[in-house]
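Below is target_6.cif, holding mmCIF, C-alpha atoms.
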```
data_run
#
loop_
_atom_site.label_atom_id
_atom_site.label_comp_id
_atom_site.auth_asym_id
_atom_site.auth_seq_id
_atom_site.Cartn_x
_atom_site.Cartn_y
_atom_site.Cartn_z
CA MET A 288 3.07 16.92 -0.58
CA LYS A 289 0.75 19.94 -0.32
CA ASN A 290 -1.99 18.06 -2.16
CA MET A 291 -1.60 15.11 0.23
CA VAL A 292 -2.12 17.45 3.20
CA ILE A 293 -5.29 18.81 1.55
CA ALA A 294 -6.51 15.25 0.96
CA PHE A 295 -5.81 14.46 4.63
CA ALA A 296 -7.81 17.48 5.82
CA LEU A 297 -10.75 16.64 3.54
CA ASN A 298 -10.84 12.99 4.64
CA PHE A 299 -10.49 13.63 8.36
CA ALA A 300 -13.04 16.47 8.49
CA PHE A 301 -15.62 14.55 6.50
CA ALA A 302 -14.97 11.34 8.45
CA ILE A 303 -16.08 13.08 11.66
CA LEU A 304 -19.11 14.53 9.90
CA LYS A 305 -19.87 11.11 8.47
CA VAL A 306 -19.86 9.46 11.91
CA ILE A 307 -22.57 11.94 12.90
CA GLY A 308 -24.43 11.27 9.64
CA GLY A 309 -24.19 7.51 10.07
CA LEU A 310 -25.64 7.73 13.57
CA PHE A 311 -28.39 10.07 12.35
CA THR A 312 -29.39 7.93 9.36
CA ASN A 313 -28.76 4.66 11.26
CA SER A 314 -26.88 3.34 8.21
CA ILE A 315 -24.17 0.76 8.91
CA THR A 316 -22.83 1.39 5.41
CA ILE A 317 -22.15 5.06 6.16
CA LEU A 318 -20.80 4.28 9.64
CA SER A 319 -18.50 1.61 8.22
CA ASP A 320 -17.28 3.98 5.56
CA ALA A 321 -16.71 6.64 8.23
CA ILE A 322 -14.38 4.25 10.05
CA GLN A 323 -12.58 3.51 6.79
CA ASP A 324 -12.28 7.26 6.14
CA ILE A 325 -10.66 7.79 9.53
CA GLY A 326 -8.28 4.98 8.58
CA ASP A 327 -7.63 6.65 5.24
CA ALA A 328 -6.95 9.99 6.96
CA LEU A 329 -4.48 8.28 9.30
CA THR A 330 -2.97 6.57 6.27
CA ILE A 331 -2.35 9.90 4.55
CA GLY A 332 -1.05 11.43 7.80
CA ILE A 333 1.45 8.59 8.28
CA PHE A 334 2.38 8.87 4.61
CA CYS A 335 3.14 12.60 4.90
CA ILE A 336 5.39 12.05 7.95
CA ASN A 337 7.26 9.06 6.52
CA GLU A 338 7.49 10.48 3.00
CA LYS A 339 9.34 13.50 4.41
CA ARG A 340 11.68 11.23 6.36
CA SER A 341 12.28 8.92 3.40
CA ARG A 342 13.75 11.80 1.38
CA ARG A 343 16.63 12.36 3.80
CA PRO A 344 20.06 11.49 2.40
CA ALA A 345 22.17 8.71 3.90
CA ASP A 346 24.13 9.59 7.04
CA ASN A 347 26.15 7.87 9.77
CA LYS A 348 22.99 6.58 11.48
CA PHE A 349 21.32 5.28 8.32
CA THR A 350 24.06 4.46 5.82
CA PHE A 351 21.51 3.03 3.37
CA GLY A 352 19.41 6.19 3.62
CA TYR A 353 15.90 6.68 4.96
CA SER A 354 13.89 5.48 1.95
CA ARG A 355 12.66 2.40 3.83
CA TYR A 356 10.40 4.62 5.88
CA SER A 357 8.05 4.42 2.89
CA VAL A 358 7.90 0.61 3.26
CA LEU A 359 7.26 0.97 6.99
CA SER A 360 4.49 3.44 6.14
CA ALA A 361 2.87 0.94 3.77
CA PHE A 362 2.93 -1.70 6.54
CA LYS A 363 1.31 0.65 9.06
CA ASN A 364 -1.30 1.77 6.56
CA SER A 365 -2.27 -1.82 5.80
CA LEU A 366 -2.54 -2.61 9.51
CA ILE A 367 -4.91 0.34 10.01
CA LEU A 368 -7.12 -0.78 7.13
CA ILE A 369 -7.20 -4.40 8.32
CA THR A 370 -8.19 -3.33 11.84
CA SER A 371 -10.91 -0.96 10.63
CA SER A 372 -12.30 -3.52 8.17
CA LEU A 373 -12.56 -6.21 10.85
CA ALA A 374 -14.30 -3.73 13.17
CA ILE A 375 -16.81 -2.92 10.43
CA ILE A 376 -17.49 -6.58 9.65
CA THR A 377 -18.14 -7.22 13.35
CA SER A 378 -20.57 -4.28 13.54
CA THR A 379 -22.33 -5.42 10.39
CA ALA A 380 -22.76 -8.94 11.78
CA TYR A 381 -24.58 -7.43 14.77
CA ARG A 382 -26.97 -5.64 12.39
CA ILE A 383 -27.82 -9.00 10.78
CA ILE A 384 -28.92 -10.30 14.18
CA LYS A 385 -30.79 -7.08 15.08
CA PRO A 386 -31.96 -5.21 11.94
CA GLN A 387 -32.65 -1.50 12.42
CA GLU A 388 -34.59 1.20 10.58
CA ILE A 389 -32.62 3.33 8.11
CA HIS A 390 -33.26 6.98 7.13
CA TYR A 391 -32.79 6.70 3.37
CA ASN A 392 -33.09 10.43 2.55
CA GLY A 393 -30.34 11.35 5.01
CA MET A 394 -28.21 8.47 3.76
CA LEU A 395 -28.61 9.71 0.18
CA ILE A 396 -27.63 13.28 1.15
CA PHE A 397 -24.49 12.17 3.00
CA ALA A 398 -23.57 9.74 0.21
CA THR A 399 -23.80 12.53 -2.39
CA ILE A 400 -21.64 14.87 -0.27
CA GLY A 401 -19.18 12.03 0.35
CA LEU A 402 -18.90 11.32 -3.36
CA ALA A 403 -18.15 14.99 -4.13
CA ILE A 404 -15.50 15.34 -1.39
CA HIS A 405 -13.70 12.10 -2.23
CA LEU A 406 -13.74 12.95 -5.92
CA CYS A 407 -11.89 16.19 -5.03
CA ALA A 408 -9.41 14.21 -2.89
CA ALA A 409 -8.81 11.75 -5.75
CA ILE A 410 -8.08 14.65 -8.10
CA PHE A 411 -5.68 16.25 -5.61
CA THR A 412 -3.68 12.99 -5.27
CA ARG A 413 -3.80 11.85 -8.89
CA LYS A 414 -0.19 12.88 -9.65
CA SER A 415 1.59 9.96 -7.99
CA ASN A 416 5.32 9.23 -8.30
CA THR A 417 6.21 6.93 -5.41
CA PHE A 418 4.75 3.64 -4.23
CA ASN A 419 3.06 5.28 -1.26
CA GLN A 420 1.65 8.17 -3.30
CA LYS A 421 0.08 5.68 -5.67
CA ALA A 422 -1.29 3.73 -2.70
CA VAL A 423 -2.88 6.89 -1.26
CA ASN A 424 -4.43 7.75 -4.63
CA LEU A 425 -5.75 4.19 -4.85
CA HIS A 426 -7.43 4.75 -1.48
CA MET A 427 -9.10 7.88 -2.83
CA VAL A 428 -10.26 6.20 -6.04
CA LYS A 429 -11.59 3.29 -3.97
CA ASP A 430 -13.57 5.75 -1.86
CA VAL A 431 -15.06 7.40 -4.96
CA LEU A 432 -16.25 4.02 -6.23
CA ASN A 433 -17.51 3.14 -2.76
CA TRP A 434 -19.64 6.29 -2.56
CA ILE A 435 -21.05 5.68 -6.03
CA ILE A 436 -22.19 2.27 -4.76
CA ILE A 437 -23.68 3.84 -1.61
CA VAL A 438 -25.59 6.45 -3.66
CA ILE A 439 -27.03 3.72 -5.90
CA GLY A 440 -27.79 1.56 -2.85
CA ALA A 441 -29.55 4.44 -1.07
CA LEU A 442 -31.73 5.09 -4.10
CA ILE A 443 -32.65 1.40 -4.40
CA MET A 444 -33.48 1.15 -0.68
CA LYS A 445 -35.51 4.38 -0.81
CA PHE A 446 -37.82 3.06 -3.51
CA THR A 447 -37.86 -0.64 -2.58
CA ASP A 448 -37.43 -0.51 1.23
CA PHE A 449 -34.89 -3.33 0.88
CA ALA A 450 -32.96 -2.48 4.09
CA THR A 451 -30.82 -5.63 3.94
CA LEU A 452 -28.97 -4.05 1.02
CA ASP A 453 -27.29 -1.70 3.53
CA ILE A 454 -25.75 -4.70 5.28
CA ILE A 455 -24.75 -6.33 1.97
CA LEU A 456 -23.02 -3.14 0.77
CA SER A 457 -21.17 -2.75 4.07
CA LEU A 458 -19.93 -6.36 4.08
CA GLY A 459 -18.96 -6.21 0.41
CA THR A 460 -16.87 -3.04 0.65
CA SER A 461 -15.29 -4.12 3.96
CA MET A 462 -14.25 -7.51 2.58
CA PHE A 463 -12.83 -5.87 -0.55
CA VAL A 464 -10.71 -3.45 1.52
CA LEU A 465 -9.66 -6.22 3.93
CA LEU A 466 -8.35 -8.48 1.15
CA LYS A 467 -6.51 -5.60 -0.53
CA ALA A 468 -4.96 -4.51 2.79
CA ILE A 469 -3.80 -8.05 3.59
CA LYS A 470 -2.16 -8.27 0.17
CA ASN A 471 -0.40 -4.91 0.66
CA MET A 472 0.76 -5.89 4.15
CA GLN A 473 2.19 -9.14 2.80
CA SER A 474 4.17 -7.22 0.16
CA ALA A 475 5.49 -4.74 2.75
CA THR A 476 6.37 -7.58 5.16
CA ASN A 477 8.29 -9.46 2.45
CA MET A 478 10.28 -6.31 1.74
CA LEU A 479 11.04 -5.67 5.41
CA LEU A 480 12.14 -9.31 5.81
CA GLU A 481 14.33 -8.90 2.69
CA LYS A 482 12.69 -11.75 0.84
CA THR A 483 14.01 -12.43 -2.66
CA PRO A 484 11.94 -10.34 -5.13
CA THR A 485 9.40 -12.39 -7.08
CA LYS A 486 10.68 -10.81 -10.30
CA ILE A 487 14.08 -12.50 -9.82
CA ASN A 488 14.83 -16.23 -10.07
CA ILE A 489 17.96 -16.93 -8.02
CA ASP A 490 18.67 -20.21 -9.84
CA ASP A 491 18.61 -18.40 -13.20
CA VAL A 492 20.91 -15.66 -11.86
CA ARG A 493 23.41 -18.24 -10.63
CA LYS A 494 23.23 -20.22 -13.89
CA ASN A 495 23.70 -17.15 -16.12
CA ILE A 496 26.67 -15.83 -14.15
CA LEU A 497 28.35 -19.25 -14.10
CA ALA A 498 27.96 -19.36 -17.89
CA MET A 499 30.15 -16.25 -18.27
CA ASN A 500 33.78 -16.74 -19.31
CA GLY A 501 36.21 -16.87 -16.40
CA VAL A 502 33.64 -17.57 -13.67
CA ILE A 503 34.38 -20.79 -11.79
CA SER A 504 31.84 -20.67 -8.95
CA ILE A 505 29.52 -18.35 -7.07
CA HIS A 506 28.52 -18.30 -3.41
CA ASN A 507 26.92 -16.01 -0.78
CA LEU A 508 24.45 -14.80 -3.41
CA ARG A 509 21.91 -12.46 -1.82
CA VAL A 510 19.21 -10.42 -3.60
CA TRP A 511 16.58 -8.27 -1.90
CA ASP A 512 14.32 -5.26 -2.38
CA PHE A 513 15.46 -2.39 -0.18
CA ASP A 514 12.42 -0.30 -1.01
CA GLU A 515 9.98 0.08 -3.92
CA LYS A 516 12.69 1.61 -6.13
CA ASN A 517 15.95 -0.13 -5.18
CA THR A 518 16.91 -3.80 -5.47
CA TYR A 519 20.26 -4.86 -4.00
CA ALA A 520 22.50 -7.85 -4.71
CA ILE A 521 25.72 -9.10 -3.13
CA MET A 522 27.80 -12.14 -4.10
CA HIS A 523 31.23 -13.74 -4.00
CA ILE A 524 32.61 -14.90 -7.37
CA VAL A 525 35.51 -17.34 -7.76
CA THR A 526 37.26 -16.63 -11.07
CA THR A 527 40.35 -17.36 -13.08
CA GLU A 528 43.44 -15.14 -12.78
CA ASN A 529 43.25 -11.67 -14.36
CA TYR A 530 39.46 -11.83 -14.58
CA ASP A 531 37.99 -8.55 -15.84
CA GLY A 532 34.29 -9.39 -16.30
CA LYS A 533 32.97 -7.71 -13.16
CA GLU A 534 31.26 -4.91 -15.08
CA LYS A 535 29.65 -7.45 -17.39
CA ILE A 536 28.03 -9.11 -14.36
CA LYS A 537 26.83 -5.72 -13.08
CA GLU A 538 25.29 -4.93 -16.47
CA TYR A 539 23.51 -8.29 -16.49
CA LEU A 540 22.14 -7.65 -12.99
CA LYS A 541 20.76 -4.28 -14.14
CA THR A 542 18.82 -6.00 -16.93
CA ILE A 543 16.92 -8.10 -14.35
CA GLY A 544 16.11 -5.10 -12.13
CA VAL A 545 19.03 -4.96 -9.69
CA THR A 546 19.87 -1.29 -9.11
CA ASN A 547 22.80 -1.74 -6.70
CA SER A 548 25.25 -4.64 -6.63
CA THR A 549 28.39 -5.54 -4.66
CA ILE A 550 30.59 -8.24 -6.15
CA GLU A 551 33.54 -9.75 -4.28
CA ILE A 552 36.07 -11.39 -6.63
CA GLU A 553 38.17 -14.34 -5.44
CA HIS A 554 40.90 -15.67 -7.75
CA LYS A 555 41.61 -19.36 -7.78
#
```
Kindly return the structure encoded in the file as structure tokens.
Amino acid sequence: MKNMVIAFALNFAFAILKVIGGLFTNSITILSDAIQDIGDALTIGIFCINEKRSRRPADNKFTFGYSRYSVLSAFKNSLILITSSLAIITSTAYRIIKPQEIHYNGMLIFATIGLAIHLCAAIFTRKSNTFNQKAVNLHMVKDVLNWIIIVIGALIMKFTDFATLDIILSLGTSMFVLLKAIKNMQSATNMLLEKTPTKINIDDVRKNILAMNGVISIHNLRVWDFDEKNTYAIMHIVTTENYDGKEKIKEYLKTIGVTNSTIEIEHK
């Protein structure tokens, strides 16, 4: 958690500096990345708050525990990135209509500093255990790659005066982040709506359980991801008298990724 706080401080401080640098150099690429950095800083801030909450044990208010705060965090983070990416794309479109002069030397200086700072942030967040920690580290790695592209772009523009490349780089990175964020939001939304995990085929589960000795029928079968670590299943099983295969069903469910299961037995 300490490393995440350091990464947050680095991103937020440099994001403010980068806004100033983007205005000074008149580079839409740096300005767009500054907006994304502010989004990344907010992402890490939200992560730190929700990660702390998600570690609380279950209580009378949240009998399932607080781990779903991490899913909520992923949803919020994706929303921030989608909003910032759309804002950048809109700003870039305006630059296409009205091209402006770019200060390449200043752009190159800020890009080099940005690369160094984000490389440090990526190193600080490299040890990732949870879904959200990995997502934050992915943000940092993405930023490192983004700044490498900006450095190369600044050098090309400096020696070729190909100013349109600034717009192309901005649109390219913004679209990449937008598509990734939409995908992440979709995954978080599916989890919040308790959609059946893609890794589990309900028809196969029903067929395999019905094939077990003593099982007559199965109904009220429900399977969902509670968070990135826990998959739940509940079901009602109609069985023959003196059925003792409940643990066998639980073991089967574990093999397909179900971590917690509740099985109601009904004798016919």
Expected selection from the PyMOL selection byres ((chain A and resi 402) around 8), given as a PyMOL selection string: chain A and resi 398-401+403-406+430-431+434-435
Quick check, in Å to one decimal: how far apart do atom CA of Val502 of chain A and atom CA of Glu481 of chain A lie?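 We find that atom CA of Val502 of chain A and atom CA of Glu481 of chain A lie 26.8 Å from each other.
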Name the residues that the PyMOL selection byres ((chain A and resi 349-366) around 9) pulls out of this structure, and write them as number ranges by chain. A: 326-327, 329-331, 333-334, 336-338, 340-348, 367-371, 417-419, 422, 465, 467-476, 478-479, 513-515
Find the distance between atom CA of Thr485 of chain A and atom CA of Met462 of chain A and write it in Å to one decimal.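 So the answer is 26.0 Å.
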Taking all atoms listed in the file into account, which of A:Ala321, A:Ile410, A:Ile496, A:Val545 comes nearest Gly532 of chain A?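 Distance minimum relative to Gly532 of chain A lands on A:Ile496.
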Nearby residues (only C-alpha atoms) at most 10 Å from Met522 of chain A, same-chain spacing under 5 positions excluded, as a tab-separated table (two decimals) with C-alpha atoms, in the frame of the given file:
```tsv
chain	number	residue	atom	x	y	z
A	493	ARG	CA	23.41	-18.24	-10.63
A	505	ILE	CA	29.52	-18.35	-7.07
A	506	HIS	CA	28.52	-18.30	-3.41
A	507	ASN	CA	26.92	-16.01	-0.78
A	508	LEU	CA	24.45	-14.80	-3.41
A	509	ARG	CA	21.91	-12.46	-1.82
A	510	VAL	CA	19.21	-10.42	-3.60
A	548	SER	CA	25.25	-4.64	-6.63
A	549	THR	CA	28.39	-5.54	-4.66
A	550	ILE	CA	30.59	-8.24	-6.15
A	551	GLU	CA	33.54	-9.75	-4.28
A	552	ILE	CA	36.07	-11.39	-6.63
```
For Tyr391 of chain A, the nearest of the candidates A:Thr447, A:Thr379, A:Ser372, A:Asn433, counting only C-alpha atoms: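 Between A:Thr447, A:Thr379, A:Ser372, A:Asn433, the residue approaching Tyr391 of chain A most closely is A:Thr447.
With distances taken over all atoms listed in the file, A:Val492 is the one residue among A:Met499, A:Leu456, A:Leu395, A:Val492 lying closest to Ile521 of chain A.
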Residues in the PyMOL selection byres ((chain A and resi 483) around 10), expressed as a VMD selection string: chain A and resid 477 to 478 480 to 482 484 to 489 509 to 512 518 to 520
Gap from atom CA of Gly309 of chain A to atom CA of Leu458 of chain A - Å, one decimal: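 According to the coordinates, atom CA of Gly309 of chain A and atom CA of Leu458 of chain A are separated by 15.7 Å.
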With a distance cut-off of 7 Å and all atoms listed in the file, select the neighbouring residues of Gly501 of chain A, excluding the residue or stretch itself and same-chain residues fewer than 2 positions from it, and output the selection as a PyMOL selection string. chain A and resi 499+503+526-527+530
I need every residue sitting at most 9 Å from the point (-26.8, 16.2, 6.1) (coordinates as in the file, all atoms listed in the file considered), written as a list in words.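 With a cut-off of 9 Å, the residues come to Leu304, Lys305, Gly308, Phe311, Gly393, Met394, Leu395, Ile396, Phe397 and Ile400 of chain A.
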